Amino acid sequence: MEDASTREKRLLDFDTFYRRNFQAVAAIGYALSGSASVAEELAQEAFMAAFVKWDEVAVMERPDSWVKRVVANKAASRVRRIKTEVKAAARLRGRNELRSLPDDAVVAWDLVRRLPRRQAQAIALRYIGDLPIGEIAQLIGCAPETVRTHLRRGRERLANSKELE
């Protein structure tokens, strides 16, 4: 059982970590969700997960990378959940088409969100999270060469998009 001073130090360490990293984590959430409010919610959830496991996360070499991976995964889960909900609602209404979701993001990030999940994550972590290839590979669970492939394919798809012209 920890004493009051140890508990206070642990909370101060987390508070410092949170303040230093929140904006970067929320930016990744924004890039993957297209909504500032959703990005903040995703970032809060990621930091809550870190807080719950703070004893483990705090001793990691890069705890900020762990939280960035959590926010990327939560964003992907949210997109899957919304798509499932929209499909179910369309079926209940007897329609086969999906309604487009409102999007207040710029066109480029809207297009990034349309990329396959790993390509979108790699692009957001690289260009918003400013992470090196090796770290992105660890975060999304693949080899560095696979990350390079995801980045190349994602950039090619974006470059060939008619909506950016």
# chains A, B, ... in the order shown; residues from 1 in each chain; ligands from 1
>>> closest_atom_pairs(of="stretch 108-141 of chain A", to="stretch 63-87 of chain A", cutoff="10 Å", atoms="only C-alpha atoms", output="Markdown table")
| residue | atom | partner | partner_atom | distance |
| --- | --- | --- | --- | --- |
| A:Arg113 | CA | A:Val79 | CA | 9.1 |
| A:Arg117 | CA | A:Ala76 | CA | 6.8 |
| A:Arg118 | CA | A:Ala76 | CA | 9.2 |
| A:Ala120 | CA | A:Ala76 | CA | 9.4 |
| A:Gln121 | CA | A:Ala72 | CA | 6.4 |
| A:Ala122 | CA | A:Ala72 | CA | 9.4 |
| A:Ala124 | CA | A:Ala72 | CA | 8.6 |
| A:Leu125 | CA | A:Lys68 | CA | 7.9 |
| A:Gly129 | CA | A:Lys68 | CA | 7.9 |
| A:Leu131 | CA | A:Ser65 | CA | 8.5 |
| A:Glu135 | CA | A:Ser65 | CA | 7.6 |
| A:Ile136 | CA | A:Ser65 | CA | 8.5 |
| A:Gln138 | CA | A:Arg69 | CA | 8.9 |
| A:Leu139 | CA | A:Arg69 | CA | 5.2 |
| A:Ile140 | CA | A:Arg69 | CA | 6.8 |
| A:Gly141 | CA | A:Arg69 | CA | 9.6 |
>>> closest_residue(among="A:Val38, A:Ala58, A:Ala46, A:Leu151", to="A:Leu11", atoms="only C-alpha atoms")
A:Ala58
>>> atom_distance(atom1="atom CA of A:Arg153", atom2="atom CA of A:Leu111")
13.2 Å
>>> residues_around(residues="stretch 16-31 of chain A", least_positions_apart="5", cutoff="6 Å", atoms="only C-alpha atoms", output="JSON, numbers by chain")
{"A": [36, 39, 40, 43, 68, 124, 128]}
>>> atom_distance(atom1="atom CA of A:Trp109", atom2="atom CA of A:Arg126")
13.4 Å
>>> atom_distance(atom1="atom CA of A:Ser35", atom2="atom CA of A:Phe51")
24.0 Å
>>> select_by_dssp(residues="stretch 4-160 of chain A", states="alpha helix (DSSP H)", output="short mmCIF file (atom, residue, chain, number, x, y, z; two decimals) with N, CA and C atoms, in the first residue's frame")
data_model
loop_
_atom_site.label_atom_id
_atom_site.label_comp_id
_atom_site.auth_asym_id
_atom_site.auth_seq_id
_atom_site.Cartn_x
_atom_site.Cartn_y
_atom_site.Cartn_z
N ALA A 4 0.80 8.49 1.41
CA ALA A 4 0.22 9.69 0.81
C ALA A 4 1.22 10.44 -0.07
N SER A 5 2.47 10.52 0.33
CA SER A 5 3.46 11.26 -0.47
C SER A 5 3.79 10.53 -1.77
N THR A 6 3.83 9.21 -1.73
CA THR A 6 4.07 8.43 -2.95
C THR A 6 2.90 8.58 -3.91
N ARG A 7 1.68 8.52 -3.38
CA ARG A 7 0.48 8.67 -4.21
C ARG A 7 0.45 10.07 -4.83
N GLU A 8 0.81 11.08 -4.06
CA GLU A 8 0.82 12.45 -4.57
C GLU A 8 1.86 12.62 -5.69
N LYS A 9 3.05 12.05 -5.51
CA LYS A 9 4.09 12.12 -6.53
C LYS A 9 3.62 11.42 -7.82
N ARG A 10 2.99 10.26 -7.65
CA ARG A 10 2.49 9.50 -8.79
C ARG A 10 1.46 10.33 -9.57
N LEU A 11 0.55 11.00 -8.86
CA LEU A 11 -0.45 11.84 -9.50
C LEU A 11 0.18 13.05 -10.17
N LEU A 12 1.18 13.65 -9.55
CA LEU A 12 1.87 14.78 -10.16
C LEU A 12 2.61 14.36 -11.42
N ASP A 13 3.22 13.19 -11.40
CA ASP A 13 3.90 12.67 -12.59
C ASP A 13 2.91 12.50 -13.74
N PHE A 14 1.75 11.94 -13.44
CA PHE A 14 0.74 11.76 -14.49
C PHE A 14 0.25 13.11 -14.98
N ASP A 15 0.01 14.04 -14.07
CA ASP A 15 -0.47 15.37 -14.45
C ASP A 15 0.52 16.05 -15.40
N THR A 16 1.79 15.96 -15.11
CA THR A 16 2.82 16.53 -15.98
C THR A 16 2.81 15.85 -17.35
N PHE A 17 2.74 14.54 -17.34
CA PHE A 17 2.67 13.76 -18.58
C PHE A 17 1.46 14.19 -19.42
N TYR A 18 0.32 14.30 -18.78
CA TYR A 18 -0.91 14.69 -19.45
C TYR A 18 -0.78 16.07 -20.09
N ARG A 19 -0.30 17.02 -19.33
CA ARG A 19 -0.17 18.40 -19.83
C ARG A 19 0.81 18.49 -21.00
N ARG A 20 1.88 17.73 -20.96
CA ARG A 20 2.88 17.77 -22.03
C ARG A 20 2.39 17.10 -23.31
N ASN A 21 1.50 16.12 -23.21
CA ASN A 21 1.17 15.29 -24.36
C ASN A 21 -0.26 15.39 -24.87
N PHE A 22 -1.13 16.07 -24.15
CA PHE A 22 -2.53 16.08 -24.54
C PHE A 22 -2.74 16.62 -25.95
N GLN A 23 -2.15 17.75 -26.29
CA GLN A 23 -2.38 18.37 -27.60
C GLN A 23 -1.95 17.45 -28.74
N ALA A 24 -0.80 16.81 -28.61
CA ALA A 24 -0.32 15.91 -29.66
C ALA A 24 -1.23 14.70 -29.82
N VAL A 25 -1.71 14.17 -28.72
CA VAL A 25 -2.60 13.01 -28.77
C VAL A 25 -3.96 13.42 -29.37
N ALA A 26 -4.46 14.56 -28.95
CA ALA A 26 -5.73 15.06 -29.50
C ALA A 26 -5.62 15.36 -30.99
N ALA A 27 -4.46 15.83 -31.43
CA ALA A 27 -4.26 16.11 -32.87
C ALA A 27 -4.37 14.83 -33.68
N ILE A 28 -3.86 13.73 -33.18
CA ILE A 28 -4.00 12.45 -33.88
C ILE A 28 -5.47 12.04 -33.90
N GLY A 29 -6.14 12.23 -32.79
CA GLY A 29 -7.58 11.94 -32.75
C GLY A 29 -8.36 12.78 -33.74
N TYR A 30 -7.96 14.05 -33.89
CA TYR A 30 -8.63 14.92 -34.85
C TYR A 30 -8.37 14.47 -36.29
N ALA A 31 -7.14 14.13 -36.56
CA ALA A 31 -6.80 13.70 -37.92
C ALA A 31 -7.58 12.45 -38.31
N LEU A 32 -7.85 11.59 -37.36
CA LEU A 32 -8.55 10.33 -37.65
C LEU A 32 -10.06 10.43 -37.51
N SER A 33 -10.56 11.46 -36.82
CA SER A 33 -12.01 11.57 -36.63
C SER A 33 -12.62 12.74 -37.39
N ALA A 36 -13.14 18.12 -33.66
CA ALA A 36 -12.37 18.56 -32.49
C ALA A 36 -12.96 17.98 -31.20
N SER A 37 -14.28 17.97 -31.09
CA SER A 37 -14.89 17.45 -29.86
C SER A 37 -14.67 15.95 -29.73
N VAL A 38 -14.77 15.22 -30.82
CA VAL A 38 -14.52 13.78 -30.78
C VAL A 38 -13.04 13.53 -30.46
N ALA A 39 -12.16 14.33 -31.04
CA ALA A 39 -10.73 14.18 -30.79
C ALA A 39 -10.41 14.36 -29.31
N GLU A 40 -11.01 15.35 -28.69
CA GLU A 40 -10.79 15.57 -27.26
C GLU A 40 -11.32 14.39 -26.44
N GLU A 41 -12.47 13.89 -26.83
CA GLU A 41 -13.04 12.73 -26.13
C GLU A 41 -12.14 11.50 -26.27
N LEU A 42 -11.65 11.27 -27.49
CA LEU A 42 -10.75 10.13 -27.72
C LEU A 42 -9.46 10.29 -26.91
N ALA A 43 -8.93 11.50 -26.90
CA ALA A 43 -7.70 11.74 -26.14
C ALA A 43 -7.94 11.53 -24.64
N GLN A 44 -9.08 12.02 -24.15
CA GLN A 44 -9.40 11.82 -22.73
C GLN A 44 -9.48 10.33 -22.40
N GLU A 45 -10.13 9.56 -23.29
CA GLU A 45 -10.24 8.12 -23.07
C GLU A 45 -8.86 7.46 -23.07
N ALA A 46 -8.00 7.89 -23.96
CA ALA A 46 -6.66 7.32 -24.03
C ALA A 46 -5.87 7.64 -22.76
N PHE A 47 -5.98 8.88 -22.29
CA PHE A 47 -5.27 9.24 -21.06
C PHE A 47 -5.88 8.55 -19.83
N MET A 48 -7.17 8.31 -19.86
CA MET A 48 -7.79 7.58 -18.75
C MET A 48 -7.25 6.15 -18.71
N ALA A 49 -7.10 5.56 -19.89
CA ALA A 49 -6.51 4.21 -19.95
C ALA A 49 -5.08 4.23 -19.42
N ALA A 50 -4.35 5.28 -19.75
CA ALA A 50 -2.97 5.41 -19.24
C ALA A 50 -2.97 5.58 -17.73
N PHE A 51 -3.91 6.37 -17.22
CA PHE A 51 -3.97 6.61 -15.78
C PHE A 51 -4.26 5.32 -15.02
N VAL A 52 -5.18 4.53 -15.56
CA VAL A 52 -5.54 3.27 -14.92
C VAL A 52 -4.33 2.34 -14.83
N TRP A 54 -1.12 3.46 -14.98
CA TRP A 54 -0.01 4.38 -14.88
C TRP A 54 1.27 3.74 -14.34
N ASP A 55 1.15 2.82 -13.41
CA ASP A 55 2.35 2.17 -12.87
C ASP A 55 3.13 1.45 -13.97
N GLU A 56 2.41 0.85 -14.92
CA GLU A 56 3.06 0.16 -16.05
C GLU A 56 3.49 1.15 -17.13
N VAL A 57 2.61 2.06 -17.47
CA VAL A 57 2.86 3.01 -18.56
C VAL A 57 4.01 3.96 -18.22
N PRO A 63 6.10 6.47 -22.94
CA PRO A 63 4.69 6.37 -22.57
C PRO A 63 3.78 7.18 -23.50
N ASP A 64 4.33 8.25 -24.08
CA ASP A 64 3.52 9.04 -25.01
C ASP A 64 3.15 8.23 -26.25
N SER A 65 4.03 7.36 -26.69
CA SER A 65 3.73 6.50 -27.84
C SER A 65 2.61 5.52 -27.50
N TRP A 66 2.61 5.03 -26.29
CA TRP A 66 1.55 4.11 -25.86
C TRP A 66 0.20 4.81 -25.94
N VAL A 67 0.14 6.04 -25.46
CA VAL A 67 -1.12 6.78 -25.48
C VAL A 67 -1.53 7.11 -26.92
N LYS A 68 -0.57 7.41 -27.78
CA LYS A 68 -0.88 7.68 -29.18
C LYS A 68 -1.44 6.45 -29.87
N ARG A 69 -0.91 5.29 -29.54
CA ARG A 69 -1.45 4.04 -30.10
C ARG A 69 -2.88 3.84 -29.61
N VAL A 70 -3.12 4.10 -28.33
CA VAL A 70 -4.48 3.94 -27.79
C VAL A 70 -5.46 4.86 -28.51
N VAL A 71 -5.09 6.12 -28.72
CA VAL A 71 -6.01 7.05 -29.38
C VAL A 71 -6.25 6.63 -30.83
N ALA A 72 -5.23 6.14 -31.51
CA ALA A 72 -5.41 5.67 -32.89
C ALA A 72 -6.35 4.47 -32.92
N ASN A 73 -6.20 3.55 -31.99
CA ASN A 73 -7.08 2.39 -31.93
C ASN A 73 -8.50 2.78 -31.57
N LYS A 74 -8.65 3.70 -30.64
CA LYS A 74 -10.00 4.16 -30.25
C LYS A 74 -10.69 4.87 -31.42
N ALA A 75 -9.93 5.63 -32.19
CA ALA A 75 -10.51 6.31 -33.36
C ALA A 75 -10.97 5.28 -34.39
N ALA A 76 -10.17 4.27 -34.62
CA ALA A 76 -10.55 3.22 -35.57
C ALA A 76 -11.79 2.47 -35.08
N SER A 77 -11.85 2.19 -33.80
CA SER A 77 -13.02 1.50 -33.24
C SER A 77 -14.27 2.37 -33.37
N ARG A 78 -14.10 3.66 -33.17
CA ARG A 78 -15.24 4.58 -33.29
C ARG A 78 -15.77 4.60 -34.71
N VAL A 79 -14.89 4.65 -35.69
CA VAL A 79 -15.31 4.65 -37.09
C VAL A 79 -16.06 3.35 -37.41
N ARG A 80 -15.52 2.22 -36.97
CA ARG A 80 -16.20 0.93 -37.20
C ARG A 80 -17.58 0.93 -36.56
N ARG A 81 -17.67 1.43 -35.33
CA ARG A 81 -18.95 1.45 -34.63
C ARG A 81 -19.96 2.34 -35.35
N ILE A 82 -19.53 3.51 -35.79
CA ILE A 82 -20.44 4.42 -36.49
C ILE A 82 -20.92 3.81 -37.80
N LYS A 83 -19.99 3.20 -38.54
CA LYS A 83 -20.40 2.56 -39.80
C LYS A 83 -21.42 1.47 -39.54
N THR A 84 -21.21 0.68 -38.51
CA THR A 84 -22.15 -0.38 -38.17
C THR A 84 -23.51 0.21 -37.79
N GLU A 85 -23.51 1.27 -37.01
CA GLU A 85 -24.75 1.91 -36.60
C GLU A 85 -25.49 2.50 -37.79
N VAL A 86 -24.76 3.13 -38.70
CA VAL A 86 -25.39 3.73 -39.88
C VAL A 86 -25.98 2.63 -40.77
N LYS A 87 -25.25 1.54 -40.96
CA LYS A 87 -25.77 0.42 -41.75
C LYS A 87 -27.03 -0.15 -41.12
N ALA A 88 -27.02 -0.32 -39.81
CA ALA A 88 -28.19 -0.86 -39.11
C ALA A 88 -29.38 0.08 -39.24
N ALA A 89 -29.14 1.37 -39.09
CA ALA A 89 -30.23 2.34 -39.22
C ALA A 89 -30.79 2.34 -40.64
N ALA A 90 -29.91 2.23 -41.64
CA ALA A 90 -30.35 2.18 -43.03
C ALA A 90 -31.20 0.94 -43.28
N ARG A 91 -30.79 -0.18 -42.72
CA ARG A 91 -31.57 -1.42 -42.88
C ARG A 91 -32.93 -1.28 -42.22
N LEU A 92 -32.97 -0.67 -41.05
CA LEU A 92 -34.23 -0.50 -40.34
C LEU A 92 -35.19 0.41 -41.12
N VAL A 107 -10.70 19.09 -46.45
CA VAL A 107 -10.86 18.03 -47.44
C VAL A 107 -9.75 16.99 -47.34
N ALA A 108 -8.53 17.40 -47.16
CA ALA A 108 -7.42 16.45 -47.13
C ALA A 108 -7.57 15.44 -46.00
N TRP A 109 -7.93 15.89 -44.79
CA TRP A 109 -8.07 14.94 -43.68
C TRP A 109 -9.32 14.09 -43.84
N ASP A 110 -10.33 14.63 -44.51
CA ASP A 110 -11.50 13.81 -44.82
C ASP A 110 -11.07 12.66 -45.72
N LEU A 111 -10.22 12.96 -46.69
CA LEU A 111 -9.72 11.91 -47.58
C LEU A 111 -8.84 10.91 -46.84
N VAL A 112 -8.04 11.39 -45.91
CA VAL A 112 -7.20 10.48 -45.12
C VAL A 112 -8.09 9.50 -44.36
N ARG A 113 -9.18 9.99 -43.81
CA ARG A 113 -10.08 9.10 -43.05
C ARG A 113 -10.73 8.06 -43.95
N ARG A 114 -10.78 8.30 -45.23
CA ARG A 114 -11.36 7.33 -46.17
C ARG A 114 -10.37 6.24 -46.58
N ARG A 117 -7.68 1.64 -42.88
CA ARG A 117 -7.38 2.00 -41.49
C ARG A 117 -5.89 2.15 -41.23
N ARG A 118 -5.08 1.18 -41.62
CA ARG A 118 -3.64 1.24 -41.33
C ARG A 118 -2.96 2.39 -42.08
N GLN A 119 -3.40 2.67 -43.31
CA GLN A 119 -2.83 3.79 -44.04
C GLN A 119 -3.17 5.10 -43.34
N ALA A 120 -4.42 5.25 -42.92
CA ALA A 120 -4.84 6.48 -42.23
C ALA A 120 -4.08 6.63 -40.91
N GLN A 121 -3.93 5.54 -40.16
CA GLN A 121 -3.19 5.61 -38.90
C GLN A 121 -1.73 5.99 -39.14
N ALA A 122 -1.11 5.35 -40.13
CA ALA A 122 0.30 5.64 -40.41
C ALA A 122 0.48 7.10 -40.80
N ILE A 123 -0.40 7.62 -41.64
CA ILE A 123 -0.29 9.02 -42.07
C ILE A 123 -0.50 9.97 -40.89
N ALA A 124 -1.51 9.71 -40.07
CA ALA A 124 -1.77 10.59 -38.92
C ALA A 124 -0.61 10.55 -37.92
N LEU A 125 -0.11 9.35 -37.64
CA LEU A 125 0.98 9.24 -36.67
C LEU A 125 2.26 9.86 -37.20
N ARG A 126 2.47 9.79 -38.51
CA ARG A 126 3.70 10.34 -39.11
C ARG A 126 3.62 11.86 -39.22
N TYR A 127 2.50 12.37 -39.75
CA TYR A 127 2.43 13.79 -40.08
C TYR A 127 1.80 14.65 -38.98
N ILE A 133 9.34 6.20 -38.33
CA ILE A 133 8.79 4.96 -38.91
C ILE A 133 8.83 3.81 -37.91
N GLY A 134 9.96 3.61 -37.25
CA GLY A 134 10.09 2.50 -36.32
C GLY A 134 9.09 2.55 -35.18
N GLU A 135 8.84 3.74 -34.69
CA GLU A 135 7.89 3.89 -33.60
C GLU A 135 6.45 3.65 -34.08
N ILE A 136 6.15 4.13 -35.28
CA ILE A 136 4.82 3.87 -35.85
C ILE A 136 4.63 2.37 -36.02
N ALA A 137 5.67 1.69 -36.47
CA ALA A 137 5.59 0.23 -36.64
C ALA A 137 5.24 -0.45 -35.32
N GLN A 138 5.88 -0.03 -34.25
CA GLN A 138 5.57 -0.61 -32.94
C GLN A 138 4.14 -0.29 -32.52
N LEU A 139 3.70 0.92 -32.77
CA LEU A 139 2.38 1.34 -32.34
C LEU A 139 1.26 0.59 -33.05
N ILE A 140 1.41 0.39 -34.36
CA ILE A 140 0.32 -0.26 -35.09
C ILE A 140 0.57 -1.75 -35.30
N PRO A 144 8.60 -2.03 -39.93
CA PRO A 144 8.85 -0.69 -40.48
C PRO A 144 8.62 -0.62 -41.99
N GLU A 145 9.01 -1.66 -42.71
CA GLU A 145 8.79 -1.65 -44.16
C GLU A 145 7.30 -1.62 -44.50
N THR A 146 6.49 -2.27 -43.68
CA THR A 146 5.04 -2.24 -43.89
C THR A 146 4.50 -0.83 -43.66
N VAL A 147 5.04 -0.14 -42.67
CA VAL A 147 4.64 1.25 -42.42
C VAL A 147 5.00 2.10 -43.64
N ARG A 148 6.21 1.92 -44.16
CA ARG A 148 6.60 2.67 -45.36
C ARG A 148 5.64 2.39 -46.52
N THR A 149 5.23 1.14 -46.64
CA THR A 149 4.28 0.76 -47.70
C THR A 149 2.93 1.44 -47.46
N HIS A 150 2.44 1.43 -46.21
CA HIS A 150 1.17 2.10 -45.89
C HIS A 150 1.26 3.59 -46.21
N LEU A 151 2.38 4.21 -45.84
CA LEU A 151 2.55 5.64 -46.11
C LEU A 151 2.60 5.91 -47.62
N ARG A 152 3.37 5.11 -48.34
CA ARG A 152 3.48 5.31 -49.79
C ARG A 152 2.13 5.13 -50.47
N ARG A 153 1.44 4.05 -50.14
CA ARG A 153 0.14 3.79 -50.77
C ARG A 153 -0.88 4.87 -50.39
N GLY A 154 -0.86 5.28 -49.14
CA GLY A 154 -1.78 6.34 -48.71
C GLY A 154 -1.51 7.64 -49.44
N ARG A 155 -0.23 8.01 -49.55
CA ARG A 155 0.12 9.25 -50.27
C ARG A 155 -0.27 9.15 -51.74
N GLU A 156 -0.05 7.98 -52.34
CA GLU A 156 -0.43 7.79 -53.76
C GLU A 156 -1.94 7.96 -53.94
N ARG A 157 -2.71 7.36 -53.05
CA ARG A 157 -4.17 7.48 -53.15
C ARG A 157 -4.61 8.92 -52.98
N LEU A 158 -3.97 9.62 -52.05
CA LEU A 158 -4.31 11.03 -51.84
C LEU A 158 -3.91 11.87 -53.06
N ALA A 159 -2.73 11.59 -53.59
CA ALA A 159 -2.26 12.35 -54.76
C ALA A 159 -3.15 12.14 -55.98
#
>>> decode(residues="stretch 110-144 of chain A", atoms="N, CA and C atoms", output="PDB file, in the first residue's frame")
ATOM      1  N   ASP A 110     -10.328  14.635 -44.512  1.00  0.00           N
ATOM      2  CA  ASP A 110     -11.496  13.812 -44.822  1.00  0.00           C
ATOM      3  C   ASP A 110     -11.067  12.655 -45.718  1.00  0.00           C
ATOM      4  N   LEU A 111     -10.218  12.956 -46.690  1.00  0.00           N
ATOM      5  CA  LEU A 111      -9.721  11.906 -47.583  1.00  0.00           C
ATOM      6  C   LEU A 111      -8.839  10.906 -46.842  1.00  0.00           C
ATOM      7  N   VAL A 112      -8.039  11.390 -45.909  1.00  0.00           N
ATOM      8  CA  VAL A 112      -7.201  10.479 -45.118  1.00  0.00           C
ATOM      9  C   VAL A 112      -8.087   9.501 -44.364  1.00  0.00           C
ATOM     10  N   ARG A 113      -9.181   9.988 -43.807  1.00  0.00           N
ATOM     11  CA  ARG A 113     -10.076   9.101 -43.050  1.00  0.00           C
ATOM     12  C   ARG A 113     -10.734   8.058 -43.946  1.00  0.00           C
ATOM     13  N   ARG A 114     -10.777   8.295 -45.229  1.00  0.00           N
ATOM     14  CA  ARG A 114     -11.362   7.327 -46.166  1.00  0.00           C
ATOM     15  C   ARG A 114     -10.369   6.244 -46.580  1.00  0.00           C
ATOM     16  N   LEU A 115      -9.116   6.461 -46.275  1.00  0.00           N
ATOM     17  CA  LEU A 115      -8.100   5.459 -46.598  1.00  0.00           C
ATOM     18  C   LEU A 115      -8.312   4.215 -45.750  1.00  0.00           C
ATOM     19  N   PRO A 116      -7.741   3.092 -46.159  1.00  0.00           N
ATOM     20  CA  PRO A 116      -7.759   1.923 -45.277  1.00  0.00           C
ATOM     21  C   PRO A 116      -7.191   2.298 -43.908  1.00  0.00           C
ATOM     22  N   ARG A 117      -7.683   1.643 -42.875  1.00  0.00           N
ATOM     23  CA  ARG A 117      -7.377   2.001 -41.487  1.00  0.00           C
ATOM     24  C   ARG A 117      -5.890   2.150 -41.227  1.00  0.00           C
ATOM     25  N   ARG A 118      -5.076   1.179 -41.618  1.00  0.00           N
ATOM     26  CA  ARG A 118      -3.637   1.239 -41.330  1.00  0.00           C
ATOM     27  C   ARG A 118      -2.959   2.386 -42.082  1.00  0.00           C
ATOM     28  N   GLN A 119      -3.401   2.665 -43.307  1.00  0.00           N
ATOM     29  CA  GLN A 119      -2.833   3.795 -44.044  1.00  0.00           C
ATOM     30  C   GLN A 119      -3.170   5.103 -43.344  1.00  0.00           C
ATOM     31  N   ALA A 120      -4.424   5.254 -42.921  1.00  0.00           N
ATOM     32  CA  ALA A 120      -4.837   6.478 -42.228  1.00  0.00           C
ATOM     33  C   ALA A 120      -4.077   6.633 -40.910  1.00  0.00           C
ATOM     34  N   GLN A 121      -3.927   5.542 -40.164  1.00  0.00           N
ATOM     35  CA  GLN A 121      -3.192   5.612 -38.904  1.00  0.00           C
ATOM     36  C   GLN A 121      -1.733   5.986 -39.141  1.00  0.00           C
ATOM     37  N   ALA A 122      -1.112   5.351 -40.127  1.00  0.00           N
ATOM     38  CA  ALA A 122       0.298   5.637 -40.413  1.00  0.00           C
ATOM     39  C   ALA A 122       0.482   7.100 -40.802  1.00  0.00           C
ATOM     40  N   ILE A 123      -0.395   7.623 -41.639  1.00  0.00           N
ATOM     41  CA  ILE A 123      -0.286   9.017 -42.070  1.00  0.00           C
ATOM     42  C   ILE A 123      -0.503   9.967 -40.895  1.00  0.00           C
ATOM     43  N   ALA A 124      -1.505   9.709 -40.068  1.00  0.00           N
ATOM     44  CA  ALA A 124      -1.767  10.587 -38.924  1.00  0.00           C
ATOM     45  C   ALA A 124      -0.612  10.545 -37.921  1.00  0.00           C
ATOM     46  N   LEU A 125      -0.114   9.352 -37.642  1.00  0.00           N
ATOM     47  CA  LEU A 125       0.975   9.238 -36.671  1.00  0.00           C
ATOM     48  C   LEU A 125       2.265   9.861 -37.201  1.00  0.00           C
ATOM     49  N   ARG A 126       2.475   9.787 -38.506  1.00  0.00           N
ATOM     50  CA  ARG A 126       3.695  10.342 -39.106  1.00  0.00           C
ATOM     51  C   ARG A 126       3.620  11.864 -39.220  1.00  0.00           C
ATOM     52  N   TYR A 127       2.505  12.373 -39.754  1.00  0.00           N
ATOM     53  CA  TYR A 127       2.432  13.794 -40.077  1.00  0.00           C
ATOM     54  C   TYR A 127       1.796  14.649 -38.985  1.00  0.00           C
ATOM     55  N   ILE A 128       0.962  14.075 -38.159  1.00  0.00           N
ATOM     56  CA  ILE A 128       0.402  14.819 -37.036  1.00  0.00           C
ATOM     57  C   ILE A 128       1.187  14.485 -35.772  1.00  0.00           C
ATOM     58  N   GLY A 129       1.447  13.198 -35.566  1.00  0.00           N
ATOM     59  CA  GLY A 129       2.181  12.775 -34.378  1.00  0.00           C
ATOM     60  C   GLY A 129       3.673  12.961 -34.478  1.00  0.00           C
ATOM     61  N   ASP A 130       4.169  13.202 -35.707  1.00  0.00           N
ATOM     62  CA  ASP A 130       5.593  13.432 -35.953  1.00  0.00           C
ATOM     63  C   ASP A 130       6.459  12.296 -35.403  1.00  0.00           C
ATOM     64  N   LEU A 131       5.980  11.070 -35.598  1.00  0.00           N
ATOM     65  CA  LEU A 131       6.701   9.911 -35.087  1.00  0.00           C
ATOM     66  C   LEU A 131       7.575   9.291 -36.173  1.00  0.00           C
ATOM     67  N   PRO A 132       8.703   8.717 -35.793  1.00  0.00           N
ATOM     68  CA  PRO A 132       9.550   8.029 -36.769  1.00  0.00           C
ATOM     69  C   PRO A 132       8.912   6.697 -37.191  1.00  0.00           C
ATOM     70  N   ILE A 133       9.345   6.195 -38.332  1.00  0.00           N
ATOM     71  CA  ILE A 133       8.793   4.964 -38.910  1.00  0.00           C
ATOM     72  C   ILE A 133       8.833   3.809 -37.912  1.00  0.00           C
ATOM     73  N   GLY A 134       9.957   3.613 -37.250  1.00  0.00           N
ATOM     74  CA  GLY A 134      10.094   2.496 -36.317  1.00  0.00           C
ATOM     75  C   GLY A 134       9.086   2.553 -35.184  1.00  0.00           C
ATOM     76  N   GLU A 135       8.841   3.738 -34.694  1.00  0.00           N
ATOM     77  CA  GLU A 135       7.887   3.892 -33.598  1.00  0.00           C
ATOM     78  C   GLU A 135       6.455   3.648 -34.082  1.00  0.00           C
ATOM     79  N   ILE A 136       6.152   4.129 -35.277  1.00  0.00           N
ATOM     80  CA  ILE A 136       4.824   3.871 -35.851  1.00  0.00           C
ATOM     81  C   ILE A 136       4.629   2.366 -36.016  1.00  0.00           C
ATOM     82  N   ALA A 137       5.670   1.688 -36.468  1.00  0.00           N
ATOM     83  CA  ALA A 137       5.591   0.229 -36.642  1.00  0.00           C
ATOM     84  C   ALA A 137       5.236  -0.447 -35.323  1.00  0.00           C
ATOM     85  N   GLN A 138       5.877  -0.033 -34.252  1.00  0.00           N
ATOM     86  CA  GLN A 138       5.572  -0.612 -32.942  1.00  0.00           C
ATOM     87  C   GLN A 138       4.142  -0.292 -32.525  1.00  0.00           C
ATOM     88  N   LEU A 139       3.705   0.921 -32.772  1.00  0.00           N
ATOM     89  CA  LEU A 139       2.375   1.341 -32.345  1.00  0.00           C
ATOM     90  C   LEU A 139       1.257   0.593 -33.053  1.00  0.00           C
ATOM     91  N   ILE A 140       1.410   0.392 -34.360  1.00  0.00           N
ATOM     92  CA  ILE A 140       0.317  -0.263 -35.086  1.00  0.00           C
ATOM     93  C   ILE A 140       0.567  -1.750 -35.299  1.00  0.00           C
ATOM     94  N   GLY A 141       1.692  -2.238 -34.784  1.00  0.00           N
ATOM     95  CA  GLY A 141       1.940  -3.675 -34.777  1.00  0.00           C
ATOM     96  C   GLY A 141       2.320  -4.274 -36.117  1.00  0.00           C
ATOM     97  N   CYS A 142       3.275  -3.639 -36.786  1.00  0.00           N
ATOM     98  CA  CYS A 142       3.757  -4.197 -38.053  1.00  0.00           C
ATOM     99  C   CYS A 142       5.234  -3.833 -38.232  1.00  0.00           C
ATOM    100  N   ALA A 143       5.834  -4.318 -39.297  1.00  0.00           N
ATOM    101  CA  ALA A 143       7.240  -4.055 -39.573  1.00  0.00           C
ATOM    102  C   ALA A 143       7.422  -2.636 -40.133  1.00  0.00           C
ATOM    103  N   PRO A 144       8.596  -2.035 -39.932  1.00  0.00           N
ATOM    104  CA  PRO A 144       8.847  -0.694 -40.478  1.00  0.00           C
ATOM    105  C   PRO A 144       8.624  -0.619 -41.993  1.00  0.00           C
TER     106      PRO A 144
END
